[in-house]
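Peer 1: Below are the structure tokens for one structure; questions will follow.
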Amino acid sequence: MKRITIIFLLTLSIGFSSCDILQQIVDDAGGGTGLTDSEIIAGLKEALIEGTVSSVKVLNATDGYFKDNAVKILLPPEANVIVENIQKVPGIGQKTIDDLVFKINRAAEDAALEAKPIFIDAVKSMTIQDGMTILKGSNTAATNYLKSKTYNKLVSKFAPKINTSLNKKLVGNVSAGSAWTKTTSLYNKVAPIIGKPKVTTDLGAYVTKKALNGLFLKVGEEEKKIRANPYAYVSEIIKKVFGYAKKNF
């Protein structure tokens, strides 16, 4: 009521002489959205938490990475040479490669849960300026914001967890890390003989990057769902904020 009174008095004082000035007053009073600052931030934070928690839960589940072709982690491109020459390397067969891919994805699934607190901390630090940019942005504006705020921290925190997971005996009492070392070691002994380059990829760094790419892909998908149909969600603030954005931007 106070905001409406102020705008009304200012309107009388300028005698409706400038629509531009009046529009600026309205915009300054409500960010040009018809929503309060606190509503915008609350809606965006709740939507981001909803999307990130859902994404982490999906990927942290058994087969979260492994059975989803959009995020499944395959061997590093440098390892293609092993697959291509597999029949030339004693001790390595297609089953060895398949098991290794399986173990790598299990490691990513095991580590995915570690992203949750980092995401939530980033969401809590969101400002109203961030909120307005996100609200008026693309279908993945919130995801892009989150990635810009968390990626480096996720790498530094996620990598040790990935490496720990890679060294866990998750499948058949054999870890992905030891399987990778055994496979590349066997291949590298033969590589000079068959005239091929050795494979020296840092598996931990590779899996960390691919796991995070998959994670942000899923967060982006969740954001698109919220923007496309905010009324499908239980939260009233998500409905209000994203419902407004859907109609006006």
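For the structure tokens, the naming scheme is as follows: chains receive sequential letters (A, B, ...) according to their order of presentation, residues are indexed from 1 within each chain, and ligands are indexed from 1 in presentation order.
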Could you make a table, as JSON lines, of the residues of stretch 126-191 of chain A that have an atom within 9 Å of an atom of stretch 213-233 of chain A, each with its nearest atom pair and distance in Å to one decimal, counting only C-alpha atoms, in chain and number order?
Peer 2:
```
{"residue": "A:Asn139", "atom": "CA", "partner": "A:Lys224", "partner_atom": "CA", "distance": 5.4}
{"residue": "A:Thr140", "atom": "CA", "partner": "A:Gly220", "partner_atom": "CA", "distance": 5.5}
{"residue": "A:Ala141", "atom": "CA", "partner": "A:Glu223", "partner_atom": "CA", "distance": 8.5}
{"residue": "A:Ala142", "atom": "CA", "partner": "A:Glu223", "partner_atom": "CA", "distance": 7.3}
{"residue": "A:Thr143", "atom": "CA", "partner": "A:Gly220", "partner_atom": "CA", "distance": 5.5}
{"residue": "A:Asn144", "atom": "CA", "partner": "A:Gly220", "partner_atom": "CA", "distance": 8.2}
{"residue": "A:Leu146", "atom": "CA", "partner": "A:Phe216", "partner_atom": "CA", "distance": 8.8}
{"residue": "A:Lys147", "atom": "CA", "partner": "A:Phe216", "partner_atom": "CA", "distance": 7.3}
```
Peer 1: Set the distance at 12 Å and use only C-alpha atoms: which residues neighbour stretch 108-111 of chain A once local chain neighbours fewer than 2 positions away are removed? I'd like the list as a VMD selection string.
Peer 2: chain A and resid 55 to 68 71 to 74 101 to 106 113 to 116 154 to 155 157 to 171 176 203 to 215
Peer 1: Compile the contact shell of A:Thr200 as a ChimeraX atom specification: residues with an atom at most 9 Å away, counting only C-alpha atoms, same-chain residues fewer than 2 positions apart removed.
Peer 2: /A:78-79,184,188,198,202-203
Peer 1: Expressed in Å to a single decimal, how great is the separation between atom CA of A:Phe242 and atom CA of A:Ile118?
Peer 2: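 That distance, rounded to one decimal, is 23.9 Å.
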Peer 1: Considering only C-alpha atoms, can you say which of A:Asn85, A:Val53, A:Ile92, A:Leu35 comes closest to A:Ala179?
Peer 2: A:Ile92
Peer 1: Mind checking which residues fall within 10 Å of A:Pro197, counting only C-alpha atoms, ignoring those fewer than 2 positions away in the same chain, and posting them as JSON, numbers by chain?
Peer 2: {"A": [78, 81, 82, 187, 188, 190, 191, 192, 194, 195, 199, 200]}
Peer 1: I'd like the neighbourhood of A:Lys136 as a PyMOL selection string, where a residue qualifies if any of its atoms comes within 7 Å (using only C-alpha atoms), though same-chain residues fewer than 4 positions away should be ignored.
Peer 2: chain A and resi 132+245+249
Peer 1: Those same residues - N, CA and C atoms - I'd like them written as a JSON list (two decimals), in the first residue's frame.
Peer 2:
```
[["chain", "number", "residue", "atom", "x", "y", "z"],
["A", 132, "MET", "N", 17.49, -11.18, -10.88],
["A", 132, "MET", "CA", 16.83, -10.54, -12.01],
["A", 132, "MET", "C", 17.41, -11.01, -13.34],
["A", 245, "ALA", "N", 7.52, -15.26, -15.00],
["A", 245, "ALA", "CA", 8.58, -15.23, -16.01],
["A", 245, "ALA", "C", 8.11, -15.87, -17.32],
["A", 249, "PHE", "N", 8.49, -12.99, -20.08],
["A", 249, "PHE", "CA", 9.84, -12.88, -20.66],
["A", 249, "PHE", "C", 10.03, -13.88, -21.78]]
```
Peer 1: If I take atom CA of A:Val89 and atom CA of A:Thr183, how far is one from the other in Å, to one decimal?
Peer 2: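 The value is 9.5 Å.
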Peer 1: From the options A:Lys189, A:Val174, A:Ala47, A:Gly243, which residue's atoms come nearest to A:Asp99, counting only C-alpha atoms?
Peer 2: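 Of A:Lys189, A:Val174, A:Ala47, A:Gly243, the one nearest A:Asp99, counting only C-alpha atoms, is A:Val174.
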Peer 1: Leaving out A:Val241 and any residue of its chain fewer than 2 positions from it, which residues lie within 10 Å of it when counting only C-alpha atoms, given as an MDAnalysis selection string?
Peer 2: chainID A and resid 33:36 39:44 47 135 227 230 236:239 243:246
Peer 1: List every residue of stretch 87-169 of chain A that DSSP, applied to the backbone of this structure, assigns to helix (DSSP H, G or I), and report them as a PyMOL selection string.
Peer 2: chain A and resi 87-88+94-124+128-135+141-166
Peer 1: The selected residues should be written to file as a PDB file, in the first residue's frame (atoms: C-alpha atoms).
Peer 2:
```
ATOM      1  CA  GLN A  87      43.117 -58.351 -29.820  1.00  0.00           C
ATOM      2  CA  LYS A  88      46.847 -57.613 -29.938  1.00  0.00           C
ATOM      3  CA  GLN A  94      36.267 -56.677 -24.588  1.00  0.00           C
ATOM      4  CA  LYS A  95      34.957 -57.783 -21.199  1.00  0.00           C
ATOM      5  CA  THR A  96      37.875 -55.996 -19.553  1.00  0.00           C
ATOM      6  CA  ILE A  97      36.910 -52.762 -21.314  1.00  0.00           C
ATOM      7  CA  ASP A  98      33.209 -53.167 -20.531  1.00  0.00           C
ATOM      8  CA  ASP A  99      33.951 -53.824 -16.868  1.00  0.00           C
ATOM      9  CA  LEU A 100      36.192 -50.775 -16.712  1.00  0.00           C
ATOM     10  CA  VAL A 101      33.491 -48.493 -18.126  1.00  0.00           C
ATOM     11  CA  PHE A 102      31.045 -49.991 -15.639  1.00  0.00           C
ATOM     12  CA  LYS A 103      33.399 -49.323 -12.710  1.00  0.00           C
ATOM     13  CA  ILE A 104      34.117 -45.755 -13.836  1.00  0.00           C
ATOM     14  CA  ASN A 105      30.400 -44.930 -13.860  1.00  0.00           C
ATOM     15  CA  ARG A 106      29.920 -46.531 -10.475  1.00  0.00           C
ATOM     16  CA  ALA A 107      32.670 -44.261  -9.146  1.00  0.00           C
ATOM     17  CA  ALA A 108      30.903 -41.182 -10.519  1.00  0.00           C
ATOM     18  CA  GLU A 109      27.600 -42.304  -9.003  1.00  0.00           C
ATOM     19  CA  ASP A 110      29.301 -42.878  -5.666  1.00  0.00           C
ATOM     20  CA  ALA A 111      30.786 -39.369  -5.650  1.00  0.00           C
ATOM     21  CA  ALA A 112      27.763 -37.419  -6.966  1.00  0.00           C
ATOM     22  CA  LEU A 113      26.298 -36.780  -3.522  1.00  0.00           C
ATOM     23  CA  GLU A 114      29.278 -34.578  -2.651  1.00  0.00           C
ATOM     24  CA  ALA A 115      27.976 -31.844  -4.971  1.00  0.00           C
ATOM     25  CA  LYS A 116      24.839 -31.184  -2.926  1.00  0.00           C
ATOM     26  CA  PRO A 117      26.270 -28.983  -0.111  1.00  0.00           C
ATOM     27  CA  ILE A 118      28.386 -26.995  -2.580  1.00  0.00           C
ATOM     28  CA  PHE A 119      25.323 -26.247  -4.708  1.00  0.00           C
ATOM     29  CA  ILE A 120      23.275 -25.207  -1.692  1.00  0.00           C
ATOM     30  CA  ASP A 121      26.006 -22.832  -0.452  1.00  0.00           C
ATOM     31  CA  ALA A 122      26.094 -21.163  -3.871  1.00  0.00           C
ATOM     32  CA  VAL A 123      22.310 -20.807  -3.952  1.00  0.00           C
ATOM     33  CA  LYS A 124      22.313 -19.129  -0.531  1.00  0.00           C
ATOM     34  CA  ILE A 128      18.851  -9.729  -6.228  1.00  0.00           C
ATOM     35  CA  GLN A 129      20.960  -8.624  -9.218  1.00  0.00           C
ATOM     36  CA  ASP A 130      21.739 -12.288  -9.899  1.00  0.00           C
ATOM     37  CA  GLY A 131      18.071 -13.090  -9.485  1.00  0.00           C
ATOM     38  CA  MET A 132      16.827 -10.536 -12.007  1.00  0.00           C
ATOM     39  CA  THR A 133      19.393 -11.670 -14.598  1.00  0.00           C
ATOM     40  CA  ILE A 134      18.384 -15.293 -14.109  1.00  0.00           C
ATOM     41  CA  LEU A 135      14.648 -14.584 -14.167  1.00  0.00           C
ATOM     42  CA  ALA A 141      20.248 -19.145 -16.986  1.00  0.00           C
ATOM     43  CA  ALA A 142      20.078 -20.432 -13.409  1.00  0.00           C
ATOM     44  CA  THR A 143      22.178 -23.462 -14.295  1.00  0.00           C
ATOM     45  CA  ASN A 144      24.771 -21.256 -16.005  1.00  0.00           C
ATOM     46  CA  TYR A 145      24.866 -19.042 -12.917  1.00  0.00           C
ATOM     47  CA  LEU A 146      25.330 -22.039 -10.690  1.00  0.00           C
ATOM     48  CA  LYS A 147      28.096 -23.425 -12.888  1.00  0.00           C
ATOM     49  CA  SER A 148      29.968 -20.102 -12.863  1.00  0.00           C
ATOM     50  CA  LYS A 149      29.775 -19.966  -9.076  1.00  0.00           C
ATOM     51  CA  THR A 150      30.566 -23.587  -8.245  1.00  0.00           C
ATOM     52  CA  TYR A 151      32.589 -25.269 -11.003  1.00  0.00           C
ATOM     53  CA  ASN A 152      36.098 -24.578  -9.702  1.00  0.00           C
ATOM     54  CA  LYS A 153      35.077 -25.409  -6.157  1.00  0.00           C
ATOM     55  CA  LEU A 154      33.377 -28.579  -7.334  1.00  0.00           C
ATOM     56  CA  VAL A 155      36.530 -29.658  -9.144  1.00  0.00           C
ATOM     57  CA  SER A 156      38.702 -29.093  -6.065  1.00  0.00           C
ATOM     58  CA  LYS A 157      36.238 -30.829  -3.738  1.00  0.00           C
ATOM     59  CA  PHE A 158      34.850 -33.383  -6.157  1.00  0.00           C
ATOM     60  CA  ALA A 159      38.167 -34.671  -7.536  1.00  0.00           C
ATOM     61  CA  PRO A 160      39.352 -36.213  -4.252  1.00  0.00           C
ATOM     62  CA  LYS A 161      35.981 -37.914  -3.869  1.00  0.00           C
ATOM     63  CA  ILE A 162      36.137 -39.224  -7.422  1.00  0.00           C
ATOM     64  CA  ASN A 163      39.643 -40.538  -6.838  1.00  0.00           C
ATOM     65  CA  THR A 164      38.521 -42.164  -3.598  1.00  0.00           C
ATOM     66  CA  SER A 165      35.577 -43.690  -5.438  1.00  0.00           C
ATOM     67  CA  LEU A 166      37.821 -44.858  -8.279  1.00  0.00           C
TER      68      LEU A 166
END
```
